[in-house]
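> So here's model_10.cif (mmCIF, C-alpha atoms).
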```
data_final
loop_
_atom_site.group_PDB
_atom_site.id
_atom_site.type_symbol
_atom_site.label_atom_id
_atom_site.label_comp_id
_atom_site.auth_asym_id
_atom_site.auth_seq_id
_atom_site.Cartn_x
_atom_site.Cartn_y
_atom_site.Cartn_z
ATOM 1 C CA MET A 23 -22.774 -9.220 8.839
ATOM 2 C CA ALA A 24 -26.050 -7.394 9.470
ATOM 3 C CA ILE A 25 -27.364 -8.349 6.042
ATOM 4 C CA TYR A 26 -26.496 -12.030 6.571
ATOM 5 C CA LYS A 27 -28.191 -11.975 9.974
ATOM 6 C CA ALA A 28 -31.329 -10.397 8.458
ATOM 7 C CA ILE A 29 -31.450 -12.963 5.638
ATOM 8 C CA TRP A 30 -30.969 -15.817 8.113
ATOM 9 C CA TYR A 31 -33.758 -14.439 10.322
ATOM 10 C CA CYS A 32 -36.165 -14.053 7.343
ATOM 11 C CA MET A 33 -35.456 -17.557 6.067
ATOM 12 C CA ASN A 34 -36.071 -19.044 9.526
ATOM 13 C CA GLN A 35 -39.303 -17.083 9.922
ATOM 14 C CA LEU A 36 -40.570 -18.387 6.576
ATOM 15 C CA ARG A 37 -39.320 -21.968 7.035
ATOM 16 C CA PHE A 38 -40.252 -22.612 10.670
ATOM 17 C CA LYS A 39 -43.161 -20.246 11.309
ATOM 18 C CA GLY A 40 -44.592 -19.761 7.809
ATOM 19 C CA LYS A 41 -44.322 -15.960 8.183
ATOM 20 C CA GLN A 42 -43.081 -13.688 5.440
ATOM 21 C CA VAL A 43 -41.116 -10.707 6.754
ATOM 22 C CA SER A 44 -41.725 -7.318 5.088
ATOM 23 C CA HIS A 45 -38.961 -5.336 3.415
ATOM 24 C CA ASN A 46 -39.345 -2.527 5.937
ATOM 25 C CA ALA A 47 -38.845 -4.971 8.804
ATOM 26 C CA ILE A 48 -35.711 -6.359 7.136
ATOM 27 C CA ILE A 49 -34.258 -2.877 6.618
ATOM 28 C CA SER A 50 -35.130 -1.899 10.184
ATOM 29 C CA SER A 51 -33.401 -4.988 11.579
ATOM 30 C CA ILE A 52 -30.269 -4.259 9.527
ATOM 31 C CA ILE A 53 -30.185 -0.662 10.767
ATOM 32 C CA ALA A 54 -30.753 -1.784 14.369
ATOM 33 C CA PHE A 55 -27.961 -4.379 14.174
ATOM 34 C CA VAL A 56 -25.541 -1.851 12.671
ATOM 35 C CA ALA A 57 -26.532 0.676 15.341
ATOM 36 C CA LEU A 58 -25.603 -1.827 18.051
ATOM 37 C CA THR A 59 -22.209 -2.697 16.553
ATOM 38 C CA ARG A 60 -21.160 0.365 14.536
ATOM 39 C CA ASN A 61 -18.805 2.046 16.964
ATOM 40 C CA TYR A 62 -16.837 -0.951 18.256
ATOM 41 C CA THR A 63 -14.264 -0.930 15.474
ATOM 42 C CA LYS A 64 -10.980 0.949 15.608
ATOM 43 C CA LEU A 65 -10.230 0.477 11.896
ATOM 44 C CA ALA A 66 -9.542 3.583 9.833
ATOM 45 C CA THR A 67 -11.966 4.578 7.112
ATOM 46 C CA GLY A 68 -10.834 4.209 3.530
ATOM 47 C CA PRO A 69 -10.626 6.889 0.843
ATOM 48 C CA SER A 70 -13.936 5.910 -0.804
ATOM 49 C CA ILE A 71 -16.656 8.571 -0.731
ATOM 50 C CA ILE A 72 -19.260 5.814 -1.147
ATOM 51 C CA GLY A 73 -18.001 3.998 1.952
ATOM 52 C CA PHE A 74 -17.928 7.271 3.864
ATOM 53 C CA SER A 75 -21.531 8.005 2.808
ATOM 54 C CA ILE A 76 -22.656 4.568 3.975
ATOM 55 C CA LEU A 77 -20.995 5.036 7.369
ATOM 56 C CA LYS A 78 -22.642 8.433 7.757
ATOM 57 C CA ALA A 79 -26.056 7.003 6.758
ATOM 58 C CA PHE A 80 -25.761 4.598 9.714
ATOM 59 C CA SER A 81 -24.435 7.390 11.988
ATOM 60 C CA ALA A 82 -21.271 5.362 12.510
ATOM 61 C CA GLN A 83 -18.175 6.994 13.914
ATOM 62 C CA THR A 84 -15.402 7.400 11.400
ATOM 63 C CA HIS A 85 -11.790 6.866 12.351
ATOM 64 C CA HIS A 86 -9.578 8.777 9.990
ATOM 65 C CA PRO A 87 -6.144 7.369 9.141
ATOM 66 C CA LYS A 88 -3.215 9.065 10.817
ATOM 67 C CA ALA A 89 -1.370 11.584 8.679
ATOM 68 C CA PRO A 90 1.972 10.316 7.422
ATOM 69 C CA GLN A 91 5.019 11.630 9.202
ATOM 70 C CA ILE A 92 7.139 13.770 6.900
ATOM 71 C CA LEU A 93 10.873 13.351 7.302
ATOM 72 C CA GLU A 94 13.354 15.706 5.718
ATOM 73 C CA VAL A 95 16.063 13.847 3.829
ATOM 74 C CA ILE A 96 19.150 15.704 2.732
ATOM 75 C CA TRP A 97 21.188 14.282 -0.129
ATOM 76 C CA CYS A 98 24.937 14.468 0.507
ATOM 77 C CA LEU A 99 27.679 14.687 -2.085
ATOM 78 C CA PRO A 100 30.184 11.834 -2.154
ATOM 79 C CA PHE A 101 33.696 12.544 -0.884
ATOM 80 C CA GLY A 102 36.791 13.107 -3.042
ATOM 81 C CA HIS A 103 37.048 10.642 -5.916
ATOM 82 C CA TRP A 104 34.039 8.584 -4.828
ATOM 83 C CA LEU A 105 30.913 8.161 -6.938
ATOM 84 C CA LYS A 106 27.472 7.954 -5.397
ATOM 85 C CA CYS A 107 24.781 5.803 -6.988
ATOM 86 C CA ASN A 108 21.181 6.432 -5.967
ATOM 87 C CA THR A 109 19.011 3.443 -6.845
ATOM 88 C CA ASP A 110 15.374 2.444 -6.832
ATOM 89 C CA GLY A 111 13.637 -0.825 -7.656
ATOM 90 C CA LEU A 112 9.960 -0.588 -8.586
ATOM 91 C CA THR A 113 7.098 -3.016 -9.142
ATOM 92 C CA LEU A 114 3.582 -2.519 -10.441
ATOM 93 C CA GLY A 115 1.902 -4.956 -8.055
ATOM 94 C CA ASN A 116 3.699 -7.428 -5.843
ATOM 95 C CA PRO A 117 4.580 -9.519 -7.777
ATOM 96 C CA GLY A 118 4.194 -7.509 -10.946
ATOM 97 C CA LEU A 119 6.063 -5.830 -13.750
ATOM 98 C CA SER A 120 9.308 -4.579 -12.268
ATOM 99 C CA THR A 121 12.040 -2.177 -13.253
ATOM 100 C CA CYS A 122 15.107 -0.597 -11.722
ATOM 101 C CA VAL A 123 16.914 2.710 -12.073
ATOM 102 C CA GLY A 124 20.183 4.165 -10.864
ATOM 103 C CA ILE A 125 22.051 7.437 -11.221
ATOM 104 C CA TYR A 126 25.773 7.954 -10.569
ATOM 105 C CA LYS A 127 26.932 11.377 -9.362
ATOM 106 C CA ASN A 128 30.422 12.656 -8.676
ATOM 107 C CA ASN A 129 31.738 14.816 -5.813
ATOM 108 C CA ILE A 130 30.393 18.054 -7.337
ATOM 109 C CA GLY A 131 26.924 16.623 -7.997
ATOM 110 C CA ASP A 132 27.263 16.117 -11.757
ATOM 111 C CA CYS A 133 25.530 13.104 -13.282
ATOM 112 C CA VAL A 134 28.251 10.776 -14.554
ATOM 113 C CA ARG A 135 25.984 8.008 -15.843
ATOM 114 C CA CYS A 136 22.542 6.537 -15.245
ATOM 115 C CA PHE A 137 20.711 3.333 -16.094
ATOM 116 C CA ALA A 138 17.220 1.886 -16.227
ATOM 117 C CA SER A 139 16.291 -1.722 -16.849
ATOM 118 C CA ASN A 140 13.114 -3.797 -17.124
ATOM 119 C CA LEU A 141 13.317 -6.873 -14.903
ATOM 120 C CA GLY A 142 10.158 -8.771 -15.882
ATOM 121 C CA ILE A 143 7.589 -9.985 -13.360
ATOM 122 C CA HIS A 144 9.019 -10.120 -9.816
ATOM 123 C CA ASN A 145 8.325 -8.893 -6.295
ATOM 124 C CA SER A 146 9.536 -5.578 -4.841
ATOM 125 C CA PHE A 147 12.342 -7.189 -2.807
ATOM 126 C CA PHE A 148 13.803 -8.717 -5.984
ATOM 127 C CA ALA A 149 13.565 -5.364 -7.787
ATOM 128 C CA GLU A 150 15.384 -3.501 -5.002
ATOM 129 C CA LEU A 151 18.077 -6.161 -4.677
ATOM 130 C CA MET A 152 18.611 -6.467 -8.433
ATOM 131 C CA THR A 153 18.987 -2.684 -8.712
ATOM 132 C CA ILE A 154 21.897 -2.723 -6.270
ATOM 133 C CA ILE A 155 23.503 -5.710 -8.011
ATOM 134 C CA LEU A 156 23.259 -3.975 -11.396
ATOM 135 C CA ALA A 157 24.672 -0.738 -9.933
ATOM 136 C CA ILE A 158 27.706 -2.620 -8.592
ATOM 137 C CA GLU A 159 28.207 -4.530 -11.857
ATOM 138 C CA LYS A 160 28.078 -1.330 -13.935
ATOM 139 C CA ALA A 161 30.532 0.389 -11.580
ATOM 140 C CA LYS A 162 32.924 -2.593 -11.842
ATOM 141 C CA HIS A 163 32.599 -2.548 -15.653
ATOM 142 C CA ASN A 164 33.647 1.141 -15.666
ATOM 143 C CA ASN A 165 36.489 0.563 -13.123
ATOM 144 C CA TRP A 166 34.801 2.749 -10.518
ATOM 145 C CA ASN A 167 36.209 1.173 -7.363
ATOM 146 C CA SER A 168 35.055 3.805 -4.863
ATOM 147 C CA LEU A 169 31.283 3.524 -4.915
ATOM 148 C CA TRP A 170 28.715 4.713 -2.400
ATOM 149 C CA ILE A 171 25.242 3.209 -2.871
#
```
Mind converting the file's structure to structure tokens?

Amino acid sequence: MAIYKAIWYCMNQLRFKGKQVSHNAIISSIIAFVALTRNYTKLATGPSIIGFSILKAFSAQTHHPKAPQILEVIWCLPFGHWLKCNTDGLTLGNPGLSTCVGIYKNNIGDCVRCFASNLGIHNSFFAELMTIILAIEKAKHNNWNSLWI
């Protein structure tokens, strides 16, 4: 925004007053405009070292992103004669190349069977949903009627 404002100001000075603005004056006006507006944002800084260096050059405050909350997840064995199928649908982009995977485990934690399948170009919702559908179809094909997904 500061650069656009400086260009607009220089063009108007040349067009309406016949004055040519020096490079130092342009740079000074950009720095002054950034100095006035730099600390009004609440957006978090990105991971780019170049962007961080630019913010520091203008003495702008940096707002670091909040650390992700780590949750402990405990995998539980299925009960009795049940099989548990852990699934995941993945995309590279959204939409993008997608795939799905699943692993079936019995009540003592042994891997009974697993699968992986390319799905083509889809979004992440399709990949997740298709993974569950394929897991159910494969369980039905093997006559596994007690399935925990």
> Would you give the centre and edge lengths, in Å to one decimal, of a box along x, y and z around the listed atoms of region 145-150 of chain A, with 8 Å added to each side, as JSON?

```
{"center_x": 11.9, "center_y": -6.2, "center_z": -5.3, "size_x": 23.1, "size_y": 21.4, "size_z": 21.0}
```
> Could you state the separation of CA of Phe147 (chain A) and CA of Pro90 (chain A) in Å, given to one decimal place?
22.8 Å
> List, as a PyMOL selection string, every residue that the PyMOL selection byres ((chain A and resi 156-159) around 10) selects in the file provided.
chain A and resi 107-109+122-126+136-139+151-155+160-167+169-171
> Calculate how many Å separate CA of Val43 (chain A) from CA of Tyr31 (chain A), rounding to one decimal.
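Straight-line distance from CA of Val43 (chain A) to CA of Tyr31 (chain A) works out to 9.0 Å.
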> Every residue with an atom at most 12 Å from (39.1, 16.1, -2.3) (file coordinates; all atoms listed in the file) is what I'm after, so could you write them as a PDB file with C-alpha atoms, in the frame of the given file?

```pdb
ATOM      1  CA  LEU A  99      27.679  14.687  -2.085  1.00  0.00           C
ATOM      2  CA  PRO A 100      30.184  11.834  -2.154  1.00  0.00           C
ATOM      3  CA  PHE A 101      33.696  12.544  -0.884  1.00  0.00           C
ATOM      4  CA  GLY A 102      36.791  13.107  -3.042  1.00  0.00           C
ATOM      5  CA  HIS A 103      37.048  10.642  -5.916  1.00  0.00           C
ATOM      6  CA  TRP A 104      34.039   8.584  -4.828  1.00  0.00           C
ATOM      7  CA  ASN A 128      30.422  12.656  -8.676  1.00  0.00           C
ATOM      8  CA  ASN A 129      31.738  14.816  -5.813  1.00  0.00           C
ATOM      9  CA  ILE A 130      30.393  18.054  -7.337  1.00  0.00           C
TER      10      ILE A 130
END
```
> Please measure the separation of CA of Lys106 (chain A) and CA of Glu150 (chain A), giving the value in Å to one decimal.
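Computing it gives 16.7 Å between the two atoms.
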> Hey, what comes out of the PyMOL selection byres ((chain A and resi 143) around 12) on this file? Could you write it as a PyMOL selection string?
chain A and resi 112-121+140-142+144-149
> Of the residues A:Lys127, A:Lys78, A:Ile92, A:Ala28, which is the one nearest to Ala47 (chain A), using only C-alpha atoms?
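Using only C-alpha atoms, Ala47 (chain A) sits closest to A:Ala28.
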> Which residues match the PyMOL selection byres ((chain A and resi 86) around 9) in the file above, as a ChimeraX atom specification?
/A:65-68,84-85,87-89
> Which is closer to Asp132 (chain A) than all the others in A:Leu105, A:Leu77, A:Ile49, A:Ile96, using all atoms listed in the file?
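Comparing A:Leu105, A:Leu77, A:Ile49, A:Ile96 against Asp132 (chain A), the winner is A:Leu105.
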> Nearest to Tyr26 (chain A): which of A:Ile52, A:Val134, A:Ile71, A:Ala79 is it, counting all atoms listed in the file?
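Looking at the shortest contact to Tyr26 (chain A), the residue is A:Ile52.
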